[in-house]
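Peer 1: First, the structure itself, so that you have it in front of you.
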Amino acid sequence: MHEGTPQPTSALLSHRAFLRLALAVFLFNAGYSIYLFLFNFFLASEGMREDRMGSLASATVLGGLLGALPVARAANRWGSSRAMAGFLLACAVMLGLRLLPAPFAMQWLLAALSGLFLCGWTVLIFPLIAAVTHQQQQASAFQTLYGLATGAGCVGAVVGGNLPALCMRLVHGLSTGDAHRASLLAAAGLIGLSTLALPRIHQTAQLENAAPLRVSRRLLVLLTVSVLWAFVLGAFNPFSGIYFQSQFRLQLPAIGSYFFVVQAVVAGGLMLTGISRLSRLPAWLLLLIAQLVVAFSFAAMAAPALWMAELAYLAFMLAQQLAQPALQTLLLQGASATARNRISAWNTMLLAVAQAIAAQSFGLLWGQWGYASVLPFLALATTLIALGSMLVLRVFRTPQPLI
């Protein structure tokens with residue numbers, strides 16, 4: 001199979017390459033969700049405080065920012081599948097090394113390296129989906145695999161919560177820290193195992209000397225829409241748990257159980273959308289619907305009723321997850337294999353910056369004014385972004401060259 005070659009228009013589930021990629025998506029997301037869930041608990045068991053945990057998380061984000069463009073260059077030289085496998089194996093090794101006793105400076109470096117190699121998945125997963133599917137199938141494929149990834153994360157969170165206790169029952173006398181370490185090693189192993197499932201895509205020639213990406217008006221507009229959308233989501237996503245605790249005094253077990261239900265519903269909804277007629281709707285229309293639903297959800301979450309907030313948050317999560325595949329469809333539509341990798345890399349970098357700025361800015365606003373006061377403002381801003389997106393995206397109802 002050649003990267004970027006249109007595939008037959010038969011059902012997605014009959015594609016061997018697509019099924020292999022689906023397995024890789026499940027293994028990676030299950031493993032990484034277990035790792036994310038347990039890692040801070042492991043650090044706490046080792047005596048690390050929250051300030052240093054935050055510094056390690058920042059190092060991971062920084063590594064991802066620095067790695068985006070090199071990842072695209074590596075993919076254009078060796079092929080998306082081969083580059084993805086290499087980066088994931090290196091990421092699994094770095095995640096394993098982070099479990100060894102080491103000075104904090106070394107821990108910080110390993111966190112940055114793990115973020116850099118993890119960026120291989122973030123940048124290349126959507127171009128890889130595009131490479132194994134026909135253009136007419138891409139919207140459905142993006143939604144189906146995005147739903148599978150969400151479901152795998154949901155399963156991973158449940159497994160991660162119970163795996164240390166299982167390790168302690170299986171190995172008598174095992175300490176809490178060692179149980180966390182063993183569980184995290186298993187999670188890193190799942191990430192490494194996902195490389196075996198990646199489809200093998202033959203690339204006939206090296207592409208590292210391809211012409212530089214020229215930013216067309218269409219691509220600039222799409223990246224701007226993507227950045228504004230990321231800013232809106234980044235304003236609330238990091239604080240969603242705190243919102244329920246602050247507004248309704250919910251306890252952590254109740255919040256965790258509710259978030260589990262939300263993830264399960266969202267995963268099912270995305271996968272059903274991917275195999276239903278809804279996946280045939282134009283990507284720009286799906287994005288517009290999702291933006292308007294998010295705007296309405298923000299307004300509803302400002303209300304004092306818990307049931308309304310819970311329904312609104314469910315709609316918010318479903319809409320934002322539906323919007324991501326739609327955006328990727330628009331961004332990668334009609335692009336060559338090399339252009340897909342570079343577009344995804346630039347988009348990844350810009351989204352990370354937008355979300356970091358939004359989290360910092362709205363963290364101050366939430367603390368100063370409270371959620372009930374700021375959420376209506378965020379709803380208005382989202383509505384304006386949706387209307388602006390509608391005006392500029394309607395000219396992209398049919399595929400046009402990106403470069």
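Labeling convention for the structure tokens: chains A, B, ... as they appear, residues from 1 per chain, ligands from 1 in order of appearance.
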Please extract the residues of segment 138-290 of chain A with a backbone DSSP assignment of helix (DSSP H, G or I) and present them as number ranges by chain.
Peer 2: A: 138-170, 176-197, 217-248, 252-275, 277-280, 283-290
Peer 1: Pick the closest to Leu89 of chain A from A:Met53, A:Ala356, A:Ile191, A:Ala305: which is it, counting only C-alpha atoms?
Peer 2: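 Of A:Met53, A:Ala356, A:Ile191, A:Ala305, the one nearest Leu89 of chain A, counting only C-alpha atoms, is A:Ile191.
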Peer 1: Please provide as a compact mmCIF listing (two decimals) with N, CA and C atoms, in the first residue's frame all residues within 12 Å of Val392 of chain A, with the sequence filter that same-chain residues fewer than 3 positions apart are discarded (counting only C-alpha atoms).
Peer 2:
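part28.txt written:
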```
# COMPACT_ATOMS: atom_id res chain seq x y z
N ARG A 217 -4.26 30.70 1.61
CA ARG A 217 -5.31 31.39 2.36
C ARG A 217 -6.20 30.39 3.08
N ARG A 218 -6.52 29.30 2.40
CA ARG A 218 -7.39 28.29 3.00
C ARG A 218 -6.74 27.67 4.24
N LEU A 219 -5.47 27.30 4.14
CA LEU A 219 -4.80 26.68 5.27
C LEU A 219 -4.68 27.66 6.42
N LEU A 220 -4.38 28.92 6.13
CA LEU A 220 -4.27 29.93 7.18
C LEU A 220 -5.60 30.10 7.91
N VAL A 221 -6.69 30.12 7.15
CA VAL A 221 -8.02 30.24 7.77
C VAL A 221 -8.32 29.04 8.66
N LEU A 222 -8.02 27.84 8.16
CA LEU A 222 -8.30 26.63 8.94
C LEU A 222 -7.46 26.57 10.20
N LEU A 223 -6.20 26.94 10.12
CA LEU A 223 -5.36 26.95 11.32
C LEU A 223 -5.84 27.99 12.32
N THR A 224 -6.33 29.12 11.84
CA THR A 224 -6.86 30.14 12.73
C THR A 224 -8.11 29.63 13.45
N VAL A 225 -9.00 28.99 12.71
CA VAL A 225 -10.20 28.40 13.33
C VAL A 225 -9.80 27.35 14.36
N TRP A 284 -17.37 20.89 7.64
CA TRP A 284 -17.58 22.25 8.13
C TRP A 284 -18.90 22.37 8.87
N LEU A 285 -19.92 21.59 8.44
CA LEU A 285 -21.22 21.63 9.12
C LEU A 285 -21.15 20.94 10.47
N LEU A 288 -19.45 23.33 12.83
CA LEU A 288 -20.34 24.42 13.23
C LEU A 288 -21.34 23.95 14.27
N ILE A 385 -17.16 32.89 17.76
CA ILE A 385 -16.20 32.08 17.00
C ILE A 385 -16.94 31.16 16.03
N ALA A 386 -18.07 30.58 16.48
CA ALA A 386 -18.85 29.70 15.62
C ALA A 386 -19.40 30.46 14.42
N LEU A 387 -19.93 31.65 14.66
CA LEU A 387 -20.47 32.45 13.55
C LEU A 387 -19.36 32.86 12.57
N GLY A 388 -18.21 33.24 13.14
CA GLY A 388 -17.09 33.58 12.27
C GLY A 388 -16.62 32.38 11.47
N SER A 389 -16.58 31.22 12.11
CA SER A 389 -16.17 30.00 11.41
C SER A 389 -17.14 29.68 10.28
N VAL A 395 -16.94 28.55 2.34
CA VAL A 395 -16.30 28.53 1.02
C VAL A 395 -15.52 27.24 0.79
N PHE A 396 -15.42 26.39 1.85
CA PHE A 396 -14.67 25.14 1.73
C PHE A 396 -15.60 23.94 1.71
N ARG A 397 -16.78 24.10 1.16
CA ARG A 397 -17.74 23.00 1.12
C ARG A 397 -17.30 21.90 0.16
```
Peer 1: So which residues touch Gly161 of chain A within 9 Å, counting only C-alpha atoms, skipping near sequence neighbours fewer than 5 positions away, as a VMD selection string?
Peer 2: chain A and resid 34 37 to 38 156
